[in-house]
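These notes concern the structure reproduced below.
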Amino acid sequence: MASRPELKEDDESSFCKFFRNLPHSDDTVRIFDRGDYYSAHGEDAKFIAASVYHTTAVIRKLGREPGLESVTMTTMVFRNFLREALFRLGKRVEIWQSSGRMAWKVAKQASPGNLQDIEDELGGRIENAPIILAVKVSAKASEARNVGVCFADASVRELGVTEFLDNDLYSNFESLLIQLGVKECLIQADGAKKDVELNKLRTIADNCGCAVAERGIADFGTKDIEQDLPRLLKDERAAGTLPLTDLKLAMGAAAALIKYLGVMSDSSNFGQYQLYQHDLSQYMKLDAAALKALNLMPGPRDGAKTMSLYGLLNHCKTPTGSRLLAQWLKQPLMNVSDIERRQQLVEAFVNDTELRQTMQEEHLRAIPDLYRLAKKFQRKVANLEDVVRTYQVIIRLPGFLGALESVMDEQYKDPLDAEYTTKLREYSDSFAKLQEMVETTVDLEALDNHEFIIKPEFDESLRTIRKRLDKLKRDMESEHYWVGRDLNQETEKKLFLENHRVHGWCFRLTRNEAGCIRGKKEYQECSTQKNGVYFTTSSLQAMRREFDQLSENYNRTQSGLVNEVVAVASSYIPVIEKLAAVLAHLDVIVAFAHVSVHAPTSYTRPKMHPRGTGDTILKEARHPCMEMQDDISFITNDVSLVRGSSEFLIITGPNMGGKSTYIRQIGVIALMAQIGCFVPASEAELTVFDCILARVGASDSQIKGVSTFMAEMLETANILKSATKESLIIIDELGRGTSTYDGFGLAWAISEHIVKEIGAFALFATHFHELTALADTYPQVENLHVVAHISEGTTDSSDGIQKKREVTLLYKVEPGVCDQSFGIHVAELVRFPQKVINMAKRKADELEDFSGKHEDGFVQASKEEVEEGSKLLKEMLAKWKEEVESQGLTKKQQVERMKELVKENAALRKNGFFKGIQAL
C-alpha cells in the first residue's frame, strides 16, 4: 500500500466541482491520467478500492468537506484493473487526460467489445478477438420472432449481418452469441416500460458472458444507414445493390453499432469496410448450458489447464492460433467434406513426427501476433521496429516451405499444398520487395543493441552524423581507459562505461570500489543505485552532450526515411493478414496432432457420416480432460447410438459411479470430431449433429433470482423447442428440484416427447429407476447402468453387530437396469456420523418393506379375485393344519408339506390375490 502514488491536484475545489458536474453513468468507470500515475473519484474510487485493493483504507478525500472520494493507481495496477474491468466485470472505461488548466477531455474509451484505444495498455494480451454485436427484434409478439443482428471485430474492418426467425426463448440468438464468441451486446433500451422480450435478450447475453450496453431507440433507426454504408464500404456501388441492405432489422442493428463504435468520426475508415452475411446454419449450434456441460472454455475456478477442452487442445505456439482454436471450438463444422479436409491435415502431422516437431519448436514459436502487427500499420501507429518484426517473419517463410516440401507421402502432399504450401509460396513472393527494401535501408547489425535505425550509408547527411558519432564513441572509450588508469580500476570488471537512461553516457563503479572517487574534484557523482555508483568527468559530460545532440539530429534526419519505410510496409497489410490466417490454421492443426499423439492413449481418426445418416459407435471411449488428471486410471466404455434400436439411452446407477462422465464424454467427442480433431477412442464413427443441447447438474441461478428447478425447466424448454432429429441431447438428472412424483412425471413426459416427437439421439442419466420402463414401450430406448460391486461383511457399532456392505465403483457401463440405490454408501464415503448412517439404513429398510407392493410383478387384484383367493387359501390352510396335527410333523416337514400343497393347487397359484401375497 505504501508504494501507491500520492494524489497531487493544484486546485482541488475546482476539480471536485468539475467532476461532480459530469453526467452519471452506471456501467462506465472514469480514470484520470496524471502522467506517471492514474486516479479515480467518487463511486469509481469506491469501486476500485473494493475490486482492486479489497479495502476502503486506500480512499483519500479531495477538497473541502464532505470531500471527494479519490484513489490512485500505479501504471501496473491500472493495467491489471483494465483487464479485470473489461474482461471479467464487463465495464466500459473512459481515460481522461488534461488539456490545459483545469480542463479534461476523454482521450481513450474502451468496452469489452472494443479494445482498440487501449491495446498498448493491455500489452497485446488479448486472448480472443473481441466481437461486439447489436441486436434488434421485430415488434410483433408472435410465437416466431424476427431477429436482426450486426456484429464486428472492432479491430478488423468487417461488418457481419444476419436475420433469422427465432422461438420465444431466442435459442438461435443464444447459439449465435456462442458461435461468434461475443463479448459485448448492444440492446435497445426499453425506457419506462419493462419490455419482456428485451429482458429475455439481456438474460441470454448475461448467461453467455456478454457485457450488455443499452442504447436509445433512435440509435437503431435506419434513416442514416443508407448514407453511411456507401461511405464505409470498399465498393461504394455495392452498398446500394447489396441484398443485405434489405434486411431492415439487421440494418437498424448496424446503425446502432456504427454509432457506438464512432466509426464515422474517423475518416480513415471510409472505403475500408466489407459487409458480409453470416449463415447461422453452417455451424453446429451450441447453447450456454452445453458450453458449461462440455467444459469447452476455462472457467474461473479451473485449476489445471487440462480441465477445459480449450486448455487441453491449446498447444498453439502463436497468439493468432490460440484465438482461432477458441473460435473453432464454438463453430463445429456441419459439412463432412470440410471436416475430413481438416482430419486429413491432422493425420499428416500425426504420422510425420519430425514435421510436427519442426513446425512447433523451430518455426511457429518464432511468429509474433501478426493481426496485431497489421492493426498497428492500419492505425498508422507502426514504427521501424514493427517493420523489422514483419521482416523477421518474412525471412522465416522459406523454413516453413522447406519443411512442408519435404513431405513425400502423396496422400498428404496435395492437401498440405492446397492449404499451406501454395499460399505461403505466393505470400513469400509477394513480400520479396519488402524484404529487399528492409535489407537495403535498415541497419540490421544495430538490432543486436536493440536499436532500430536506418543504415547510415543510405543517406549522405546520415553518413556524416554517423561518422561523428563513431568518433565520439572512440573518444569516450579513451576517456574510460584514462579514468581506469587514474583510479587504478579494471575497465573490464569494476569500472564500466554505460549509456544510462537518465544520465546518458557515464561511468559506473561497483559500490565496494566507489570510495576511490570520494574527495576528488575531477569526478562528479550522478547517483548511487543498487548496481553501483554512477559518476562522470567534465570531458565525458561535454562528449555526452554532443553525442545526445547528434543522436537527436540522426533521428530527426532519419524520421522522414523511417516514415517512408513504414508507409511502404503498410501497403502489405492485406498480405500480412492473409499470412496470419494461414499460419493460425497451421498452428491449430499441428496442435490437434500434438494432443492426439501425446494423450495417455493416442487418439483415433473418426469416420464421419453426413447429417441424418449413419450411427454413432465408439469403442473404448474416454473423456479427454478426465484422463489427463493426476492419479486417474480412466476406465474406457463403448458407446452405441443406433437409429431404431438405441437412440435414447437411459443410464442408472450409483452416485459418483461415472454416469455424468459417460454422457458428457460423448458430447465432447462429437464436438471434437466436428472441429476436425482426432478423438479419444480406439475406433469411432459418428453422425454429424446439428446441435448439442444439454441440461446438466443443478446450475443454480439463485443469485439472479431463478431457483434450481426454474433454471432446470428453462434449459429443458430450450431443448424441446430447439432439438431436431439430427441433434444430440444430454440430460444429467431432471426433476430433482421438485417433489419426487412431480419430478418423475416431468422426466417421463419429457423423455417420451423426445422419443416420440423429436427422435433425436439422447442420453439421460437418472435416479428415477422407474424411467427404465420406457424401454418396454419404445424399441428405440435402451437401458444402461454403471456397475458397482457389493461385498457383504459385518462390523461392530454402538447398536451391536451390523451387516456392512462394501461398495466398489467400477466405472463400467453395461446394458440393463441398476437394481438398487447407493445414496447411503456415498454418505459413508464422506464420513457421515455413524448414528446418522444407521438411522438412514433403518428408515430405508422400513420404506422398502412398506413400498414393496409397488415393485415390479405386483398387479392389483380385483374384488372377485380377493374373495376367490381367500376361500382357496383358507381351504388349503385347514387341510395343512389337520395333517400337521394328526401326523406330528417337524418344523422342516411342515414347511415342505406347505410347499407341496401350493404346488398341487393350480387354481390357487393362478389367483391374482395370492400372487400379490407371494410378492410381499
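Chain labels follow the order of the C-alpha cells: the first chain is A, the next B, and so on; residue numbering restarts at 1 in every chain, and ligands are counted from 1 in their shown order.
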Could you give me, as CSV, a per-residue list for stretch 457-514 of chain A showing, wherever an atom lies at most 9 Å from an atom of stretch 518-529 of chain A, the closest pair of atoms and their distance in Å to one decimal, using only C-alpha atoms and sorting by chain then residue number from low to high?
residue,atom,partner,partner_atom,distance
A:His503,CA,A:Cys526,CA,7.3
A:Cys506,CA,A:Cys526,CA,8.5
A:Arg511,CA,A:Thr528,CA,8.2
A:Ala514,CA,A:Arg518,CA,7.4
Excluding A:Gly35 and its own-chain neighbours fewer than 3 positions away, which residues fall within 10 Å of it when counting only C-alpha atoms? Please give them as an MDAnalysis selection string. chainID A and resid 32 38 75 97:98
Go through stretch 659-687 of chain A and flag each residue having an atom no more than 10 Å from stretch 747-769 of chain A; for those, report the closest pair of atoms plus their distance in Å to one decimal, using only C-alpha atoms, ordered by chain and rising number, as a tab-separated table.
residue	atom	partner	partner_atom	distance
A:Lys659	CA	A:Ala765	CA	6.1
A:Ser660	CA	A:Ala765	CA	6.9
A:Tyr662	CA	A:Ala765	CA	9.1
A:Ile663	CA	A:Leu763	CA	6.2
A:Arg664	CA	A:Leu763	CA	9.1
A:Ile666	CA	A:Leu763	CA	9.0
A:Gly667	CA	A:Leu763	CA	9.6
Would you export the selected residues with C-alpha atoms as a CSV table (one decimal), in the first residue's frame, please?
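As written to disk, out.csv reads:
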chain,number,residue,atom,x,y,z
A,659,LYS,CA,-22.9,-41.6,-15.3
A,660,SER,CA,-22.1,-37.9,-15.8
A,662,TYR,CA,-20.0,-41.1,-19.6
A,663,ILE,CA,-22.7,-38.9,-21.1
A,664,ARG,CA,-20.6,-35.8,-21.2
A,666,ILE,CA,-20.0,-38.5,-25.8
A,667,GLY,CA,-20.8,-34.8,-26.3
Write out as CSV a residue-level contact list of stretch 269-387 of chain A versus stretch 246-261 of chain A with cut-off 12 Å: for each qualifying residue the closest pair of atoms and the distance in Å to one decimal, counting only C-alpha atoms, rows sorted by chain and residue number upward.
residue,atom,partner,partner_atom,distance
A:Asn269,CA,A:Ile258,CA,11.1
A:Tyr273,CA,A:Ile258,CA,11.4
A:Leu275,CA,A:Ala254,CA,10.4
A:Tyr276,CA,A:Ala250,CA,11.7
A:Gln277,CA,A:Ala250,CA,10.1
A:His278,CA,A:Ala250,CA,11.3
Deliver the residues from the most recent selection as a file, using C-alpha atoms, as a short mmCIF file (atom, residue, chain, number, x, y, z; two decimals), in the first residue's frame.
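File written: result.cif
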data_model
loop_
_atom_site.label_atom_id
_atom_site.label_comp_id
_atom_site.auth_asym_id
_atom_site.auth_seq_id
_atom_site.Cartn_x
_atom_site.Cartn_y
_atom_site.Cartn_z
CA ASN A 269 -12.38 4.13 -42.06
CA TYR A 273 -15.10 -1.88 -44.70
CA LEU A 275 -20.13 -6.27 -45.40
CA TYR A 276 -20.91 -9.99 -45.32
CA GLN A 277 -23.82 -12.20 -44.31
CA HIS A 278 -23.32 -14.79 -41.57
#
Please report the interatomic distance between atom CA of A:Gly209 and atom CA of A:Ala581 in Å with one decimal.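 So the two atoms, atom CA of A:Gly209 and atom CA of A:Ala581, lie 26.3 Å apart.
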Restricting the calculation to only C-alpha atoms, which member of A:Pro624, A:Pro779, A:Gly113, A:Pro368 is positioned closest to A:Val642? A:Pro779
Selection: 7 Å around stretch 607-612 of chain A, only C-alpha atoms, excl. self and same-chain fewer than 5 positions, as a ChimeraX atom specification: /A:336,684-689,726
File dump, residues just selected, N, CA and C atoms, as a short mmCIF file (atom, residue, chain, number, x, y, z; two decimals), in the first residue's frame:
data_model
loop_
_atom_site.label_atom_id
_atom_site.label_comp_id
_atom_site.auth_asym_id
_atom_site.auth_seq_id
_atom_site.Cartn_x
_atom_site.Cartn_y
_atom_site.Cartn_z
N VAL A 336 -19.42 -32.66 -44.03
CA VAL A 336 -18.49 -33.79 -43.85
C VAL A 336 -17.19 -33.59 -44.62
N ALA A 684 -13.91 -45.14 -33.91
CA ALA A 684 -15.02 -44.18 -33.78
C ALA A 684 -15.68 -43.92 -35.12
N GLU A 685 -17.01 -43.99 -35.13
CA GLU A 685 -17.77 -43.47 -36.27
C GLU A 685 -18.89 -42.62 -35.69
N LEU A 686 -19.10 -41.46 -36.30
CA LEU A 686 -20.10 -40.53 -35.76
C LEU A 686 -20.93 -39.94 -36.87
N THR A 687 -22.19 -39.67 -36.56
CA THR A 687 -23.02 -38.90 -37.48
C THR A 687 -22.79 -37.43 -37.16
N VAL A 688 -23.03 -36.56 -38.12
CA VAL A 688 -22.87 -35.12 -37.88
C VAL A 688 -24.13 -34.61 -37.18
N PHE A 689 -23.94 -34.00 -36.00
CA PHE A 689 -25.06 -33.44 -35.23
C PHE A 689 -25.25 -31.97 -35.57
N GLU A 726 -31.74 -34.54 -35.83
CA GLU A 726 -30.28 -34.67 -36.00
C GLU A 726 -29.48 -34.10 -34.84
#
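You can rank A:Val639, A:Arg389, A:Lys46, A:Lys105 by their closest distance to A:Phe18 using only C-alpha atoms, and at the top of that list sits A:Lys105.
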Residue contacts of A:Glu814 (12 Å, only C-alpha atoms) excluding same-chain residues fewer than 4 positions away, as a list in words: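 Near A:Glu814, the qualifying residues are Thr636, Asn637, Asp638, Val639, Ser640, Leu649, Ile650, Ile651, Thr652, Gly653, Gly658, Lys659, Tyr662, Glu782, Asn783, Leu784, His785, Val786, Val787, Ala788, Leu810 and Cys818 of chain A.
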If you count only C-alpha atoms, which residues fall within 7 Å of A:Cys208, apart from same-chain ones fewer than 3 positions away, as a ChimeraX atom specification? /A:178,204-205,288
Selection near A:Arg556, 12 Å with only C-alpha atoms, sequence-local residues under 5 positions removed, as a PyMOL selection string: chain A and resi 453-454+461-462+465+549-551+561-563
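Residues of stretch 172-322 of chain A carrying a DSSP assignment of strand (DSSP E or B), computed from the backbone, are Val182, Lys183, Glu184, Cys185, Leu186, Ile187, Gln188, Ala211, Val212, Ala213, Glu214, Arg215, Leu233, Tyr273, Gln274, Leu275, Tyr276, Gln277, Tyr283, Lys285 and Leu286 of chain A.
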